[in-house]
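Engineer: CSV, C-alpha atoms and all ligand atoms, saved as work16.csv, coming up:
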chain,number,residue,atom,x,y,z
A,1,MET,CA,70.0,26.2,45.0
A,2,ILE,CA,70.5,29.0,47.4
A,3,LYS,CA,68.6,32.2,46.5
A,4,ILE,CA,69.5,35.7,47.5
A,5,TYR,CA,67.3,38.8,47.3
A,6,GLY,CA,69.4,42.0,47.1
A,7,SER,CA,71.8,43.7,44.9
A,8,PRO,CA,75.6,43.0,45.3
A,9,ALA,CA,76.0,46.8,45.8
A,10,SER,CA,73.9,46.6,49.0
A,11,SER,CA,74.4,44.7,52.3
A,12,ALA,CA,73.7,41.6,50.2
A,13,GLY,CA,77.2,42.1,48.8
A,14,ARG,CA,78.8,40.3,51.7
A,15,CYS,CA,76.5,37.3,51.1
A,16,TYR,CA,77.6,37.0,47.5
A,17,TRP,CA,81.2,37.4,48.6
A,18,MET,CA,80.7,34.4,51.0
A,19,LEU,CA,79.0,32.3,48.3
A,20,GLU,CA,81.9,33.0,46.0
A,21,GLU,CA,84.4,32.1,48.8
A,22,LEU,CA,82.6,28.7,49.2
A,23,SER,CA,82.1,28.1,45.5
A,24,LEU,CA,78.4,27.4,46.2
A,25,PRO,CA,75.9,27.8,43.4
A,26,TYR,CA,73.4,30.5,43.9
A,27,GLU,CA,70.7,32.5,42.2
A,28,GLN,CA,70.3,36.3,42.5
A,29,MET,CA,66.6,36.9,42.8
A,30,PRO,CA,65.2,40.0,41.0
A,31,LEU,CA,63.8,42.6,43.4
A,32,SER,CA,63.4,46.3,42.5
A,33,LEU,CA,63.9,48.7,45.3
A,34,LYS,CA,62.9,51.5,43.0
A,35,ASP,CA,59.5,49.8,42.5
A,36,ARG,CA,59.4,49.1,46.3
A,37,GLU,CA,59.1,45.4,45.7
A,38,HIS,CA,60.9,44.9,49.1
A,39,LYS,CA,57.8,46.3,50.7
A,40,SER,CA,55.4,44.0,48.8
A,41,ALA,CA,53.2,41.6,50.8
A,42,ALA,CA,55.0,38.6,49.2
A,43,TYR,CA,58.5,39.9,50.2
A,44,LEU,CA,57.4,40.9,53.7
A,45,GLU,CA,56.3,37.3,54.2
A,46,LEU,CA,60.0,36.4,53.8
A,47,ASN,CA,61.5,39.3,55.6
A,48,PRO,CA,59.1,41.4,57.8
A,49,ASN,CA,61.7,44.2,57.9
A,50,GLY,CA,61.2,44.9,54.2
A,51,LYS,CA,64.9,45.1,53.8
A,52,ILE,CA,67.5,43.2,51.8
A,53,PRO,CA,69.2,40.8,51.8
A,54,THR,CA,67.1,37.7,52.4
A,55,MET,CA,68.4,34.2,51.7
A,56,ILE,CA,66.3,31.1,50.9
A,57,ASP,CA,67.9,27.7,51.1
A,58,GLY,CA,65.3,25.0,50.4
A,59,ASP,CA,62.5,25.7,52.9
A,60,TYR,CA,64.8,27.7,55.2
A,61,VAL,CA,64.5,31.5,55.1
A,62,LEU,CA,67.1,33.8,56.7
A,63,TRP,CA,67.6,37.6,56.8
A,64,GLU,CA,70.4,39.8,58.3
A,65,SER,CA,73.4,39.7,56.1
A,66,MET,CA,75.9,38.7,58.7
A,67,ALA,CA,73.7,35.9,59.9
A,68,ILE,CA,73.6,34.7,56.3
A,69,THR,CA,77.4,34.7,55.9
A,70,TYR,CA,77.7,32.9,59.2
A,71,TYR,CA,75.1,30.3,58.2
A,72,LEU,CA,76.8,29.7,54.8
A,73,ALA,CA,80.2,29.2,56.3
A,74,LYS,CA,79.0,26.8,58.9
A,75,LYS,CA,76.7,24.9,56.5
A,76,SER,CA,79.7,24.3,54.2
A,77,GLN,CA,81.9,23.2,57.2
A,78,SER,CA,84.5,25.4,55.6
A,79,SER,CA,87.7,26.8,57.1
A,80,LEU,CA,85.8,30.1,57.3
A,81,ALA,CA,83.7,28.8,60.1
A,82,ALA,CA,84.7,28.3,63.7
A,83,LYS,CA,86.6,25.1,64.6
A,84,ASN,CA,85.9,25.2,68.3
A,85,LEU,CA,83.9,27.1,70.9
A,86,GLU,CA,86.7,29.7,71.5
A,87,GLU,CA,86.8,30.6,67.8
A,88,GLU,CA,83.0,30.7,67.7
A,89,GLY,CA,83.1,33.3,70.5
A,90,HIS,CA,85.6,35.4,68.6
A,91,ILE,CA,83.6,35.2,65.4
A,92,MET,CA,80.4,36.2,67.2
A,93,LYS,CA,82.3,39.1,68.9
A,94,TRP,CA,83.6,40.4,65.6
A,95,ASN,CA,80.3,40.0,63.8
A,96,LEU,CA,78.4,41.9,66.5
A,97,TRP,CA,81.2,44.5,66.6
A,98,ALA,CA,81.0,45.0,62.9
A,99,LEU,CA,77.3,45.5,62.9
A,100,ALA,CA,76.7,47.4,66.2
A,101,GLU,CA,79.9,49.5,66.3
A,102,LEU,CA,81.7,49.9,63.0
A,103,GLN,CA,78.8,49.8,60.6
A,104,LYS,CA,76.7,52.5,62.2
A,105,PRO,CA,79.0,55.5,61.7
A,106,THR,CA,80.2,54.1,58.4
A,107,ILE,CA,76.7,53.7,56.9
A,108,ASP,CA,75.6,57.0,58.3
A,109,TRP,CA,78.4,58.7,56.4
A,110,PHE,CA,78.0,56.5,53.3
A,111,ILE,CA,74.4,57.3,53.0
A,112,GLN,CA,75.0,61.1,53.2
A,113,GLU,CA,77.8,60.9,50.7
A,114,ASN,CA,76.1,58.6,48.2
A,115,PHE,CA,72.4,59.1,48.5
A,116,VAL,CA,71.8,62.6,49.7
A,117,PRO,CA,72.3,65.5,47.2
A,118,ALA,CA,75.3,67.7,48.2
A,119,GLU,CA,73.0,70.7,49.0
A,120,ARG,CA,70.9,68.6,51.5
A,121,ARG,CA,73.8,66.7,53.0
A,122,ASP,CA,73.9,66.7,56.8
A,123,HIS,CA,77.5,67.5,57.7
A,124,LYS,CA,76.8,67.0,61.4
A,125,VAL,CA,76.1,63.3,60.7
A,126,ILE,CA,79.3,63.1,58.7
A,127,ASP,CA,81.3,64.8,61.4
A,128,THR,CA,79.9,62.6,64.1
A,129,ALA,CA,80.9,59.5,62.1
A,130,LYS,CA,84.4,60.9,61.6
A,131,GLU,CA,84.7,61.5,65.3
A,132,LYS,CA,83.7,57.9,66.2
A,133,LEU,CA,85.7,56.0,63.6
A,134,PRO,CA,89.3,56.5,64.9
A,135,ALA,CA,88.7,54.7,68.2
A,136,LEU,CA,87.0,51.8,66.4
A,137,LEU,CA,89.8,51.5,63.8
A,138,GLN,CA,92.4,51.7,66.6
A,139,ALA,CA,90.7,48.8,68.3
A,140,LEU,CA,90.8,46.8,65.1
A,141,ASP,CA,94.4,47.7,64.5
A,142,VAL,CA,95.5,46.6,68.0
A,143,SER,CA,93.6,43.3,67.6
A,144,LEU,CA,95.4,42.5,64.4
A,145,LYS,CA,98.9,42.9,65.9
A,146,ASN,CA,100.8,39.6,65.8
A,147,GLN,CA,98.1,37.8,63.9
A,148,SER,CA,97.3,37.6,60.2
A,149,TYR,CA,93.5,37.6,60.6
A,150,LEU,CA,90.9,38.4,63.3
A,151,VAL,CA,90.6,34.9,64.6
A,152,GLY,CA,94.3,33.9,64.2
A,153,SER,CA,96.2,32.6,61.2
A,154,ARG,CA,93.3,32.0,58.7
A,155,PHE,CA,90.6,34.0,57.0
A,156,THR,CA,87.2,33.5,58.6
A,157,VAL,CA,83.7,34.8,58.3
A,158,ALA,CA,84.7,37.4,61.0
A,159,ASP,CA,87.2,38.9,58.5
A,160,LEU,CA,84.7,38.8,55.7
A,161,ASN,CA,82.1,40.7,57.7
A,162,VAL,CA,84.4,43.2,59.2
A,163,ALA,CA,86.2,43.8,55.9
A,164,SER,CA,82.9,44.3,54.1
A,165,VAL,CA,82.4,47.4,56.4
A,166,VAL,CA,86.0,48.6,56.1
A,167,GLY,CA,85.5,48.3,52.3
A,168,LEU,CA,82.8,51.0,52.6
A,169,LEU,CA,85.3,53.3,54.3
A,170,LEU,CA,87.7,52.7,51.4
A,171,GLY,CA,84.9,53.7,49.1
A,172,LEU,CA,84.6,56.9,51.1
A,173,ARG,CA,88.3,57.4,50.5
A,174,TYR,CA,89.0,57.1,54.2
A,175,ASP,CA,92.7,57.4,55.0
A,176,LEU,CA,93.6,54.2,56.7
A,177,SER,CA,97.4,54.8,56.6
A,178,SER,CA,97.7,55.5,60.3
A,179,TYR,CA,96.3,52.0,61.0
A,180,GLY,CA,99.2,49.9,59.7
A,181,GLU,CA,97.8,46.5,60.7
A,182,VAL,CA,94.4,47.3,59.3
A,183,THR,CA,96.0,48.4,56.0
A,184,ARG,CA,98.1,45.2,55.8
A,185,TRP,CA,95.1,43.0,56.6
A,186,MET,CA,92.8,44.8,54.1
A,187,ASN,CA,95.4,44.6,51.4
A,188,GLN,CA,95.6,40.8,51.9
A,189,ILE,CA,91.8,40.5,51.7
A,190,LYS,CA,91.4,42.8,48.7
A,191,ASP,CA,93.4,40.3,46.6
A,192,ARG,CA,91.0,37.4,47.3
A,193,PRO,CA,89.3,36.3,44.0
A,194,ALA,CA,85.9,36.0,45.7
A,195,PHE,CA,86.1,39.6,46.9
A,196,GLN,CA,87.1,40.8,43.4
A,197,LYS,CA,84.2,38.8,42.0
A,198,MET,CA,81.7,40.5,44.3
A,199,LEU,CA,83.1,43.9,43.3
A,200,SER,CA,82.8,43.0,39.6
A,201,MET,CA,79.1,42.1,40.3
A,202,ARG,CA,78.5,45.6,41.5
A,203,LYS,CA,79.2,47.1,38.1
B,1,LIG,N1,71.2,44.9,59.2
B,1,LIG,C1,70.6,44.6,57.9
B,1,LIG,C2,70.5,45.9,57.1
B,1,LIG,C3,69.7,45.7,55.9
B,1,LIG,C4,69.5,47.0,55.2
B,1,LIG,O1,69.5,48.1,55.8
B,1,LIG,N2,69.4,46.9,53.9
B,1,LIG,C5,69.1,48.1,53.1
B,1,LIG,C6,70.0,48.0,51.8
B,1,LIG,S1,71.7,48.0,52.2
B,1,LIG,C7,67.7,48.1,52.6
B,1,LIG,O2,67.1,47.1,52.5
B,1,LIG,N3,67.2,49.3,52.4
B,1,LIG,C8,65.9,49.5,51.9
B,1,LIG,C9,64.9,50.1,52.9
B,1,LIG,O3,65.3,50.1,54.1
B,1,LIG,O4,63.8,50.4,52.5
B,1,LIG,C10,71.5,43.5,57.2
B,1,LIG,O5,72.7,43.6,57.3
B,1,LIG,O6,71.0,42.6,56.5
Translate this file's structure into structure tokens.
Ligand SMILES: N[C@@H](CCC(=O)N[C@@H](CS)C(=O)NCC(=O)O)C(=O)O
Structural biologist:
Amino acid sequence: MIKIYGSPASSAGRCYWMLEELSLPYEQMPLSLKDREHKSAAYLELNPNGKIPTMIDGDYVLWESMAITYYLAKKSQSSLAAKNLEEEGHIMKWNLWALAELQKPTIDWFIQENFVPAERRDHKVIDTAKEKLPALLQALDVSLKNQSYLVGSRFTVADLNVASVVGLLLGLRYDLSSYGEVTRWMNQIKDRPAFQKMLSMRK
């Protein structure tokens, strides 16, 4: 059975979301960040970054949450994976964009808001994130014009990975109303049972 280290409330959340989409059985492995178990020698053997998530599938070990979602979609030969080389290119493009472009300002802001006490919060970090986000969201909005999802008419791993980051923005009460296509797309995705299941696992 597939094993995942990491809480659904962390970057591992998107891996649980994908497992739920695919109806694959999995086991959530206990790992206490509070007790720094992610820095233990045993865990560092699995993931030398000392970060979550890490996935184990038989003898195969994989870290980086978006690589895990990609692997799972492809392993299951599901409709969430690419059907041809062109789709593969688009999926890679969006996965890299989500991680390298959209996630950076989003996570910087999210950490300040959720993990730094109000009196120690670095407002410059938050302001920088707020400056960067509109151009990124505009690019996402334009890309969704005339198509239901990022790679055409069906939901793929690209949507799951990008929406997992946009979901953080919603958690920060970011106003997406000026991005009509992003709002329409995110509303569709929020209704997915697998997404709702992942959210319920965070409680
Ligand atoms: N790019 C990595 C990021 C992993 C990451 O930063 N995980 C955080 C939790 S969301 C973590 O393990 N933090 C603990 C630490 O850095 O000590 C991924 O998506 O898997």
Engineer: Residues contacting ligand LIG 1 (chain B) - anything with an atom at most 9 Å away, using only C-alpha atoms and all ligand atoms - can you give me those as a PyMOL selection string?
Structural biologist: chain A and resi 6-7+9-14+33+36+38-39+49-54+63-68+99+107
Engineer: What gap, in Å, lies between atom CA of A:Asp141 and atom CA of A:Arg192?
Structural biologist: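 Taking atom CA of A:Asp141 as the start and atom CA of A:Arg192 as the end point, the length is 20.3 Å.
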Engineer: Could you please determine the separation between atom CA of A:Pro30 and atom CA of A:Thr69 in Å, to one decimal place?
Structural biologist: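 Answer for the atom CA of A:Pro30 to atom CA of A:Thr69 separation: 20.0 Å.
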Engineer: Using all atoms listed in the file, determine which residues lie at most 7 Å from A:Trp109, disregarding the query and same-chain residues fewer than 5 positions distant; provide the list as a PyMOL selection string.
Structural biologist: chain A and resi 125-126+129
Engineer: Report the distance between atom CA of A:Leu176 and atom CA of A:Leu72 in Å, rounded to one decimal place.
Structural biologist: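 Computing the Euclidean distance for atom CA of A:Leu176 and atom CA of A:Leu72 yields 29.8 Å.
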Engineer: Of the candidates A:Val61, A:Leu150, A:Leu44, A:Ala194, which one gets nearest to A:His90 if we count all atoms listed in the file?
Structural biologist: A:Leu150
Engineer: Skip stretch 80-86 of chain A itself and residues of its chain fewer than 2 positions away, then list as a VMD selection string all residues within 12 Å of it, counting only C-alpha atoms.
Structural biologist: chain A and resid 18 to 19 21 to 22 69 to 78 88 to 93 149 to 161
Engineer: Within 9 Å of A:Glu27, counting only C-alpha atoms, which residues show up once you throw out same-chain ones fewer than 5 positions away? Write them as a ChimeraX atom specification, please.
Structural biologist: /A:1-5
Engineer: Determine the nearest neighbour of A:Leu168 from the options A:Ala135, A:Lys197, A:Asp108, A:Lys124, counting all atoms listed in the file.
Structural biologist: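 With all atoms listed in the file as the atom set, the closest residue is A:Asp108.
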Engineer: Measuring between only C-alpha atoms, which one of A:Tyr179, A:Tyr174, A:Phe115, A:Tyr43 shows the shortest distance to A:Lys145?
Structural biologist: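 Under the stated criterion, the closest residue is A:Tyr179.
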Engineer: Of the candidates A:Leu136, A:Val116, A:Ile56, A:Ser177, which shows the shortest atom-to-atom distance to A:Tyr26, using all atoms listed in the file?
Structural biologist: A:Ile56
